[in-house]
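*Asks:* For reference, the file entry39.cif (mmCIF, C-alpha atoms and all ligand atoms) is included below:
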data_coords
loop_
_atom_site.label_atom_id
_atom_site.label_comp_id
_atom_site.auth_asym_id
_atom_site.auth_seq_id
_atom_site.Cartn_x
_atom_site.Cartn_y
_atom_site.Cartn_z
CA MET A 26 157.89 77.44 145.13
CA ALA A 27 154.22 77.48 144.15
CA GLU A 28 151.96 79.84 146.16
CA ILE A 29 150.06 77.25 148.13
CA ASN A 30 148.71 77.36 151.66
CA TRP A 31 150.16 73.99 152.71
CA ASP A 32 148.11 73.90 155.93
CA LYS A 33 144.80 74.27 154.12
CA LEU A 34 145.18 71.57 151.50
CA GLY A 35 142.34 69.12 151.03
CA PHE A 36 142.16 66.30 148.50
CA ASP A 37 141.45 68.02 145.22
CA ALA A 38 142.12 67.77 141.49
CA TYR A 39 144.93 70.32 141.71
CA ARG A 40 146.55 71.16 138.37
CA THR A 41 150.33 70.81 138.71
CA ARG A 42 152.94 71.31 135.99
CA THR A 43 153.70 67.99 134.38
CA VAL A 44 152.06 64.74 133.34
CA VAL A 45 154.20 61.66 132.70
CA LEU A 46 152.95 59.42 129.93
CA SER A 47 153.64 56.26 127.95
CA HIS A 48 151.57 54.44 125.33
CA TYR A 49 151.64 50.66 124.94
CA LYS A 50 151.15 49.67 121.33
CA ASP A 51 152.51 46.99 119.02
CA GLY A 52 154.03 45.09 121.89
CA GLN A 53 155.96 47.86 123.60
CA TRP A 54 155.79 50.98 125.74
CA SER A 55 156.65 54.21 123.95
CA PRO A 56 159.55 56.32 125.32
CA VAL A 57 158.39 58.04 128.52
CA GLU A 58 157.17 61.56 127.85
CA THR A 59 156.95 64.34 130.45
CA THR A 60 154.55 66.91 129.15
CA GLU A 61 152.83 70.09 130.27
CA ASN A 62 149.89 69.20 128.05
CA PHE A 63 147.15 68.06 130.39
CA SER A 64 144.89 66.75 127.60
CA PHE A 65 144.69 63.30 126.07
CA THR A 66 143.53 62.94 122.49
CA LEU A 67 141.64 59.68 122.14
CA ASP A 68 139.53 57.94 119.56
CA PRO A 69 135.83 58.11 120.54
CA PHE A 70 135.69 54.32 120.09
CA ALA A 71 138.45 53.85 122.70
CA GLN A 72 137.71 51.01 125.12
CA VAL A 73 137.83 53.33 128.12
CA PHE A 74 134.81 55.40 127.01
CA HIS A 75 132.39 52.55 126.35
CA TYR A 76 133.48 49.64 128.46
CA ALA A 77 135.25 51.42 131.37
CA ILE A 78 138.55 49.65 130.74
CA SER A 79 140.36 51.79 133.28
CA CYS A 80 142.18 51.43 136.57
CA PHE A 81 144.28 53.60 138.84
CA GLU A 82 146.52 53.68 141.89
CA GLY A 83 147.03 56.18 144.69
CA LEU A 84 150.25 56.67 146.63
CA LYS A 85 151.92 59.48 148.52
CA THR A 86 155.28 61.23 148.40
CA PHE A 87 156.66 62.96 151.50
CA ARG A 88 159.26 65.64 152.18
CA GLN A 89 160.82 64.13 155.27
CA LYS A 90 162.24 65.71 158.38
CA ASP A 91 165.86 65.40 157.15
CA GLY A 92 164.95 66.91 153.75
CA ARG A 93 164.89 63.67 151.80
CA ILE A 94 162.00 62.75 149.49
CA ALA A 95 160.23 59.44 150.01
CA ILE A 96 157.51 57.66 148.04
CA PHE A 97 155.63 55.26 150.29
CA ARG A 98 155.70 51.59 149.19
CA PRO A 99 155.49 52.15 145.40
CA ASP A 100 156.40 48.51 144.72
CA GLN A 101 153.09 47.50 146.29
CA ASN A 102 151.08 49.80 144.04
CA ALA A 103 152.99 48.55 140.98
CA ALA A 104 152.10 44.97 141.87
CA ARG A 105 148.45 45.83 142.50
CA MET A 106 148.15 47.64 139.18
CA GLN A 107 149.59 44.61 137.39
CA ARG A 108 146.98 42.41 139.05
CA THR A 109 144.17 44.79 138.09
CA ALA A 110 145.41 45.16 134.51
CA LYS A 111 145.44 41.38 134.10
CA PHE A 112 141.78 41.35 135.20
CA LEU A 113 140.94 44.06 132.65
CA GLY A 114 142.97 42.44 129.87
CA ILE A 115 145.30 45.37 129.22
CA PRO A 116 149.10 45.58 129.45
CA ALA A 117 150.57 46.95 132.67
CA PRO A 118 153.90 48.70 133.30
CA ASP A 119 156.40 46.50 135.10
CA LYS A 120 157.62 47.56 138.53
CA ASP A 121 160.64 49.46 137.19
CA LEU A 122 158.64 51.49 134.68
CA PHE A 123 155.92 52.19 137.26
CA ILE A 124 158.41 53.50 139.82
CA LYS A 125 160.44 55.37 137.19
CA MET A 126 157.36 57.26 136.00
CA CYS A 127 156.21 58.01 139.57
CA THR A 128 159.69 59.33 140.33
CA LEU A 129 159.71 61.51 137.20
CA CYS A 130 156.30 62.87 138.13
CA VAL A 131 157.59 63.98 141.54
CA GLN A 132 160.85 65.38 140.15
CA ASN A 133 159.01 67.40 137.50
CA ASN A 134 156.45 68.76 139.95
CA LEU A 135 158.76 69.45 142.88
CA GLU A 136 157.32 72.88 143.60
CA PHE A 137 154.05 71.13 144.51
CA LEU A 138 155.64 68.77 147.03
CA PRO A 139 154.56 70.12 150.43
CA PRO A 140 157.50 71.08 152.66
CA TYR A 141 158.01 69.12 155.86
CA GLY A 142 155.89 70.20 158.80
CA HIS A 143 152.46 70.71 157.23
CA GLN A 144 151.01 67.19 157.45
CA ALA A 145 150.68 67.25 153.68
CA SER A 146 152.10 65.19 150.84
CA LEU A 147 152.21 64.95 147.06
CA TYR A 148 149.57 62.40 146.08
CA LEU A 149 150.44 60.41 142.95
CA ARG A 150 147.71 59.04 140.70
CA PRO A 151 149.06 56.47 138.24
CA MET A 152 146.31 55.66 135.75
CA LEU A 153 146.07 52.95 133.11
CA PHE A 154 143.33 52.75 130.52
CA GLY A 155 142.51 50.87 127.32
CA VAL A 156 142.56 53.12 124.27
CA HIS A 157 142.04 50.69 121.42
CA PRO A 158 139.08 51.75 119.23
CA GLN A 159 136.57 48.89 119.10
CA MET A 160 132.98 47.78 119.55
CA GLN A 161 133.56 44.15 120.41
CA LEU A 162 133.93 42.92 123.99
CA VAL A 163 137.42 41.55 123.61
CA PRO A 164 140.66 42.53 125.34
CA TYR A 165 143.26 44.28 123.23
CA PRO A 166 146.89 44.95 124.18
CA GLU A 167 146.88 48.72 123.87
CA ALA A 168 146.82 51.19 126.76
CA TYR A 169 147.93 54.56 128.07
CA PHE A 170 149.82 54.69 131.33
CA ALA A 171 149.96 58.18 132.84
CA VAL A 172 151.09 59.50 136.22
CA ILE A 173 149.62 62.73 137.53
CA CYS A 174 149.92 64.24 140.99
CA ALA A 175 148.33 66.73 143.35
CA PRO A 176 149.43 68.26 146.64
CA ALA A 177 147.15 66.78 149.28
CA GLY A 178 146.35 67.48 152.89
CA SER A 179 143.46 65.93 154.67
CA TYR A 180 140.80 64.01 152.76
CA TYR A 181 137.96 65.05 155.07
CA GLY A 182 139.31 68.46 156.08
CA GLU A 183 140.64 67.23 159.45
CA HIS A 184 143.57 64.96 160.12
CA LEU A 185 142.56 62.66 162.93
CA LYS A 186 138.97 63.05 163.95
CA SER A 187 136.09 60.60 164.10
CA PHE A 188 133.21 60.70 161.63
CA ALA A 189 129.89 58.94 161.13
CA GLY A 190 129.45 55.99 158.77
CA VAL A 191 126.37 54.32 157.38
CA ILE A 192 125.60 50.84 156.05
CA PRO A 193 123.17 51.34 153.15
CA GLY A 194 120.72 48.42 153.04
CA ASN A 195 119.75 49.11 149.45
CA TYR A 196 123.19 49.40 147.82
CA ASP A 197 125.98 46.94 147.13
CA ARG A 198 129.50 47.73 146.04
CA ALA A 199 130.71 44.53 144.42
CA ALA A 200 129.20 41.28 143.21
CA PRO A 201 130.46 38.02 144.69
CA LYS A 202 133.33 36.82 142.48
CA GLY A 203 133.12 40.16 140.68
CA SER A 204 135.53 43.09 140.43
CA GLY A 205 135.56 44.31 144.06
CA SER A 206 139.15 43.39 144.76
CA TYR A 207 140.50 45.31 141.76
CA LYS A 208 141.16 49.04 141.65
CA ILE A 209 139.03 49.71 138.57
CA GLY A 210 137.23 52.98 138.03
CA ALA A 211 133.93 51.17 137.45
CA ASN A 212 133.81 50.06 141.11
CA TYR A 213 133.62 53.70 142.15
CA ALA A 214 131.01 54.74 139.56
CA ALA A 215 128.27 52.89 141.42
CA THR A 216 129.11 54.68 144.68
CA PHE A 217 128.69 58.30 143.58
CA LYS A 218 124.92 58.42 144.03
CA PRO A 219 124.77 56.76 147.49
CA TYR A 220 127.77 58.88 148.61
CA LYS A 221 125.91 62.07 147.70
CA THR A 222 122.83 60.88 149.61
CA ALA A 223 124.90 59.85 152.64
CA HIS A 224 126.87 63.11 152.70
CA ASP A 225 123.64 65.12 152.54
CA GLN A 226 122.56 63.26 155.67
CA GLY A 227 125.80 64.02 157.54
CA TYR A 228 127.52 60.68 157.03
CA THR A 229 131.10 60.71 155.86
CA GLU A 230 131.53 57.11 154.81
CA LEU A 231 129.50 54.26 153.33
CA LEU A 232 130.22 50.83 154.71
CA TYR A 233 129.31 48.02 152.33
CA LEU A 234 128.37 44.46 153.29
CA ASN A 235 129.00 41.31 151.29
CA SER A 236 126.44 41.54 148.55
CA GLY A 237 125.41 37.87 148.56
CA THR A 238 124.03 37.31 152.05
CA ARG A 239 124.68 40.77 153.56
CA GLU A 240 125.91 39.16 156.79
CA PHE A 241 129.53 40.27 156.70
CA ILE A 242 131.39 43.56 156.49
CA ASP A 243 133.29 44.09 153.24
CA GLU A 244 134.74 47.61 153.15
CA PHE A 245 134.02 51.31 152.83
CA GLY A 246 133.51 52.88 149.41
CA SER A 247 136.98 54.38 149.40
CA SER A 248 138.87 52.48 152.08
CA ASN A 249 139.19 49.22 154.04
CA PHE A 250 137.55 48.52 157.39
CA PHE A 251 139.36 47.55 160.57
CA ALA A 252 138.37 47.35 164.21
CA ILE A 253 140.07 47.10 167.55
CA LYS A 254 138.88 44.73 170.24
CA GLY A 255 141.14 44.57 173.28
CA ASN A 256 144.57 43.71 171.94
CA LYS A 257 143.25 42.53 168.56
CA TYR A 258 143.37 44.25 165.18
CA ILE A 259 140.49 42.76 163.19
CA THR A 260 139.91 43.25 159.45
CA PRO A 261 137.59 41.47 156.99
CA LEU A 262 138.76 38.61 154.81
CA SER A 263 136.69 38.81 151.63
CA ASP A 264 137.24 38.24 147.92
CA SER A 265 135.40 41.49 147.20
CA VAL A 266 137.67 43.82 149.16
CA LEU A 267 140.50 45.84 147.63
CA PRO A 268 143.82 44.66 149.12
CA SER A 269 144.69 47.95 150.82
CA ILE A 270 148.37 48.79 151.21
CA THR A 271 147.56 50.97 154.22
CA ASN A 272 145.70 48.09 155.86
CA LYS A 273 148.62 45.76 155.18
CA THR A 274 150.98 48.34 156.67
CA LEU A 275 148.77 48.85 159.73
CA GLN A 276 148.64 45.11 160.30
CA GLU A 277 152.45 45.05 160.35
CA VAL A 278 152.50 48.03 162.73
CA ALA A 279 149.94 46.30 164.96
CA VAL A 280 152.21 43.24 165.13
CA ASP A 281 155.11 45.56 166.01
CA PHE A 282 152.95 46.86 168.88
CA GLY A 283 152.47 43.29 170.12
CA MET A 284 148.87 43.11 168.93
CA GLU A 285 147.18 40.06 167.48
CA VAL A 286 145.96 40.46 163.88
CA GLU A 287 142.79 38.64 162.79
CA LYS A 288 141.95 38.65 159.09
CA ARG A 289 138.65 36.81 158.86
CA PRO A 290 135.00 37.24 157.88
CA VAL A 291 133.54 39.89 160.22
CA ARG A 292 129.83 39.64 161.03
CA VAL A 293 127.85 42.90 161.11
CA GLU A 294 126.63 42.25 164.68
CA GLU A 295 130.25 42.21 165.85
CA LEU A 296 130.19 46.00 165.53
CA ALA A 297 128.56 45.92 168.98
CA GLU A 298 131.70 44.34 170.45
CA PHE A 299 134.41 46.57 169.04
CA ASP A 300 136.24 49.21 171.09
CA GLU A 301 137.22 51.18 167.97
CA ALA A 302 136.28 50.97 164.30
CA ALA A 303 137.88 52.83 161.42
CA ALA A 304 138.44 53.25 157.70
CA CYS A 305 141.96 53.08 156.30
CA GLY A 306 143.50 53.96 152.97
CA THR A 307 146.24 56.03 151.37
CA ALA A 308 144.23 59.23 151.12
CA VAL A 309 142.81 59.16 154.65
CA VAL A 310 145.45 57.02 156.42
CA ILE A 311 142.93 56.31 159.23
CA THR A 312 139.41 57.68 159.61
CA PRO A 313 138.03 56.58 162.96
CA MET A 314 134.28 56.07 163.14
CA SER A 315 132.30 57.81 165.87
CA HIS A 316 129.31 55.61 165.03
CA ILE A 317 127.95 53.44 162.24
CA ASP A 318 124.22 53.36 161.48
CA ILE A 319 122.36 50.69 159.56
CA LYS A 320 119.71 52.12 157.27
CA PRO A 321 117.46 49.65 155.40
CA VAL A 322 116.90 52.30 152.73
CA LEU A 323 119.52 55.02 152.58
CA GLU A 324 117.11 57.61 151.22
CA GLU A 325 114.60 57.09 154.06
CA ASP A 326 114.76 58.27 157.68
CA LYS A 327 114.62 54.91 159.40
CA VAL A 328 117.77 53.85 161.25
CA GLU A 329 117.47 50.18 162.11
CA LYS A 330 120.47 50.07 164.40
CA SER A 331 123.26 52.37 165.52
CA TYR A 332 126.66 51.23 166.79
CA ARG A 333 128.61 53.86 168.73
CA PHE A 334 132.36 53.76 169.22
CA MET A 335 133.45 57.29 170.14
CA PRO A 336 131.88 60.63 170.95
CA ASP A 337 131.72 62.66 167.71
CA GLY A 338 135.16 63.93 166.78
CA GLU A 339 137.08 61.94 169.37
CA VAL A 340 139.61 59.26 168.52
CA GLY A 341 140.47 56.02 170.30
CA GLU A 342 143.82 55.27 171.84
CA VAL A 343 144.80 52.49 169.44
CA CYS A 344 143.80 54.37 166.27
CA THR A 345 145.85 57.32 167.52
CA LYS A 346 148.87 55.12 168.20
CA LEU A 347 148.65 53.40 164.80
CA TYR A 348 148.20 56.72 162.99
CA LYS A 349 151.18 58.30 164.71
CA ARG A 350 153.43 55.36 163.90
CA ILE A 351 152.57 55.20 160.21
CA THR A 352 152.69 58.97 159.62
CA GLY A 353 155.86 59.21 161.73
CA ILE A 354 157.56 56.74 159.39
CA GLN A 355 156.22 58.50 156.30
CA PHE A 356 157.58 61.88 157.42
CA GLY A 357 160.91 60.35 158.46
CA GLU A 358 160.39 61.14 162.15
CA LEU A 359 160.47 57.49 163.18
CA GLU A 360 162.82 54.74 162.06
CA ASP A 361 161.63 52.94 158.92
CA THR A 362 162.45 49.46 160.18
CA HIS A 363 160.49 47.71 157.42
CA GLY A 364 162.05 49.68 154.54
CA TRP A 365 158.73 51.15 153.35
CA CYS A 366 160.10 54.53 152.23
CA TYR A 367 161.49 54.61 148.69
CA HIS A 368 163.87 57.57 148.60
CA ILE A 369 164.37 59.50 145.38
CA GLU A 370 166.74 62.23 144.25
CA GLU A 371 165.58 65.80 143.66
CA LYS A 372 166.56 65.46 139.99
N1 LIG B 1 139.40 50.19 149.39
C1 LIG B 1 139.01 51.01 148.43
C2 LIG B 1 137.69 50.75 147.78
C3 LIG B 1 139.81 52.09 148.04
O1 LIG B 1 139.42 52.91 147.08
C4 LIG B 1 141.03 52.31 148.69
C5 LIG B 1 141.87 53.43 148.31
O2 LIG B 1 142.85 53.34 147.71
C6 LIG B 1 141.41 51.43 149.70
C7 LIG B 1 140.57 50.38 150.02
C8 LIG B 1 142.70 51.60 150.42
O3 LIG B 1 143.78 51.11 149.69
P1 LIG B 1 145.22 51.70 149.90
O4 LIG B 1 145.51 51.60 151.35
O5 LIG B 1 146.11 50.84 149.10
O6 LIG B 1 145.19 53.10 149.44
C1 LIG B 2 143.26 56.39 148.00
O1 LIG B 2 143.11 56.31 149.22
O2 LIG B 2 144.38 56.47 147.48
C2 LIG B 2 142.12 56.37 147.10
O3 LIG B 2 142.30 56.00 145.98
C3 LIG B 2 140.84 56.85 147.60
C4 LIG B 2 140.00 57.45 146.54
C5 LIG B 2 139.24 56.41 145.79
C6 LIG B 2 139.10 58.50 147.11
#
Is it possible to give me this structure as structure tokens?
*Replies:*
Amino acid sequence: MAEINWDKLGFDAYRTRTVVLSHYKDGQWSPVETTENFSFTLDPFAQVFHYAISCFEGLKTFRQKDGRIAIFRPDQNAARMQRTAKFLGIPAPDKDLFIKMCTLCVQNNLEFLPPYGHQASLYLRPMLFGVHPQMQLVPYPEAYFAVICAPAGSYYGEHLKSFAGVIPGNYDRAAPKGSGSYKIGANYAATFKPYKTAHDQGYTELLYLNSGTREFIDEFGSSNFFAIKGNKYITPLSDSVLPSITNKTLQEVAVDFGMEVEKRPVRVEELAEFDEAAACGTAVVITPMSHIDIKPVLEEDKVEKSYRFMPDGEVGEVCTKLYKRITGIQFGELEDTHGWCYHIEEK
């Protein structure tokens, strides 16, 4: 077992033992390679360097209460990567290859899978990128598909605690009819600078509006948005939002709880009416918002409006209930009635 303090894990680029790799060229995927070489050798003209032909997925593996190992909903990530790859014009692994390589990555890095009882998991990062050397802006059917992993605890250093969010009036995440609904690396590149500014001001998350009219909520920079109003679970319907697997799962859990799910355009002013508001995604599961400020210019002091949901650090009743149900299923403490856990053998 690796010497890791499982209770102190964050969300970091932790170097494990093995990378799992395949190369699509001449119409086929090469035999899957598990290697301890953490370096890729690529042509400097490779598509990925110049034109950002690159996408990724994120999913978690759990050591469950009864000792079994479960990857959470890998079929969903496989399908989303296929959709993104089609957008980028590169070949994607089919579902079987995707899940096979994720499974191999876990099996070959087992000493980094956190034991049960530490609220930690092994985070898998499947990545797909175009490697064909070229200058022209044309798709080419050549790509690397690699799966790496890292033991992960809490994304923000705390498991269920509310944080502050900010709507930056001078930044957009995705153009209308653009790439916002695909998990491409380029979508994140534009968020690094505003994230740094927001973090320096004590905000944890950036909440982006629809970039056309800026009337509706799209999503956070690294997660979807949802809100609770009475017995309703409300989440934005927008072409520019990444279809989050966590959000989809939470919607199903909300229905199980007898809640009504509304997936529809959500106006910014509605923030005043919500009982709870939160970010959701694989890495964070749920990050409740204590408050969300609107700043016309992120870099300036002026806060145009502030919507408060919870005292700092506190968490609403419904977010707590949803969080406990989803993590309970992931850790095998609660019955997996929907069949979300994909169990794998140790070897
Ligand atoms: N939205 C964005 C922009 C993300 O980066 C993520 C993270 O993966 C999500 C939403 C949440 O998606 P998922 O729940 O599938 O992890
Ligand atoms: C995830 O939640 O899996 C993510 O990919 C978030 C990451 C972009 C920070």
*Asks:* Give the padded box for ligand LIG 1 (chain B) as lines of an AutoDock Vina configuration file: axis-aligned, covering all atoms listed in the file, 6 Å on each side, centre and edge lengths in Å to one decimal.
*Replies:*
center_x = 141.9
center_y = 51.8
center_z = 149.2
size_x = 20.4
size_y = 15.2
size_z = 16.3
*Asks:* Any residue with an atom at most 8 Å from ligand LIG 1 (chain B) counts, using only C-alpha atoms and all ligand atoms. Which are they? Put them as a list of chain:residue names.
*Replies:*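 Going residue by residue within 8 Å of ligand LIG 1 (chain B), we get A:Glu82, A:Gly83, A:Leu84, A:Asn102, A:Gly205, A:Lys208, A:Asn212, A:Tyr213, A:Glu244, A:Phe245, A:Gly246, A:Ser247, A:Ser248, A:Asn249, A:Val266, A:Leu267, A:Pro268, A:Ser269, A:Ile270, A:Thr271, A:Asn272, A:Lys273, A:Cys305, A:Gly306, A:Thr307, A:Ala308, A:Val310.
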*Asks:* Can you list, as a ChimeraX atom specification, every protein, DNA or RNA residue that comes within 9 Å of segment 160-175 of chain A when you count all atoms listed in the file, leaving out same-chain residues fewer than 4 positions away?
*Replies:* /A:36-41,43-52,54,70-72,75-76,113-118,123,126-127,129-131,134,137-138,146-156
*Asks:* Which polymer residues have any atom within 9 Å of an atom of Ala145 of chain A, counting all atoms listed in the file, with same-chain residues fewer than 3 positions away left out, as a count of residues only?
*Replies:* 15
*Asks:* Against segment 342-360 of chain A, which residues of segment 294-329 of chain A fall within 9 Å? For each one I want the closest pair of atoms and the distance in Å (one decimal), counting only C-alpha atoms, rows by chain and increasing residue number, as a Markdown table.
*Replies:*
| residue | atom | partner | partner_atom | distance |
| --- | --- | --- | --- | --- |
| A:Glu301 | CA | A:Cys344 | CA | 7.5 |
| A:Ala302 | CA | A:Cys344 | CA | 8.5 |
| A:Ala303 | CA | A:Cys344 | CA | 7.8 |
| A:Val310 | CA | A:Tyr348 | CA | 7.1 |
| A:Ile311 | CA | A:Tyr348 | CA | 6.5 |
| A:Thr312 | CA | A:Cys344 | CA | 8.6 |
| A:Pro313 | CA | A:Cys344 | CA | 7.0 |
*Asks:* Separation of atom CA of Gln132 of chain A and atom CA of Glu371 of chain A, in Å?
*Replies:* 5.9 Å
*Asks:* Grab the atom CA of Ser187 of chain A to atom CA of His316 of chain A distance for me, in Å with one decimal place.
*Replies:*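 Value for the atom CA of Ser187 of chain A-atom CA of His316 of chain A distance: 8.5 Å.
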*Asks:* Smallest atom-to-atom distance to Phe188 of chain A: which of A:His224, A:Arg98, A:Lys218, A:Lys330, using only C-alpha atoms?
*Replies:*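 Looking only at the distances to Phe188 of chain A, the closest residue turns out to be A:His224.
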*Asks:* I'd like to know which of A:Asp361, A:Asp243, A:Glu230, A:Glu136 is closest to ligand LIG 2 (chain B), using all atoms listed in the file.
*Replies:*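 Of A:Asp361, A:Asp243, A:Glu230, A:Glu136, the one nearest ligand LIG 2 (chain B) is A:Glu230, counting all atoms listed in the file.
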*Asks:* Rank nothing, just name the residue among A:Gly341, A:Gly203, A:Gly210, A:Gly364 nearest to ligand LIG 2 (chain B), using all atoms listed in the file.
*Replies:*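 Using all atoms listed in the file, the shortest distance to ligand LIG 2 (chain B) belongs to A:Gly210.
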*Asks:* Hey, can you check how far atom CA of Tyr196 of chain A sits from atom CA of Leu231 of chain A?
*Replies:*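 Atom CA of Tyr196 of chain A sits 9.7 Å away from atom CA of Leu231 of chain A.
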*Asks:* From the set A:Ser64, A:Arg108, A:Gln226, A:Ala214, which residue has the shortest atom-to-atom contact distance to ligand LIG 2 (chain B), counting only C-alpha atoms and all ligand atoms?
*Replies:*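 Nearest candidate to ligand LIG 2 (chain B) out of A:Ser64, A:Arg108, A:Gln226, A:Ala214: A:Ala214.
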*Asks:* Using only C-alpha atoms for the distances, tell me which of A:Ala304, A:Val340, A:Leu67, A:Met314 is nearest to Ala189 of chain A.
*Replies:* A:Met314
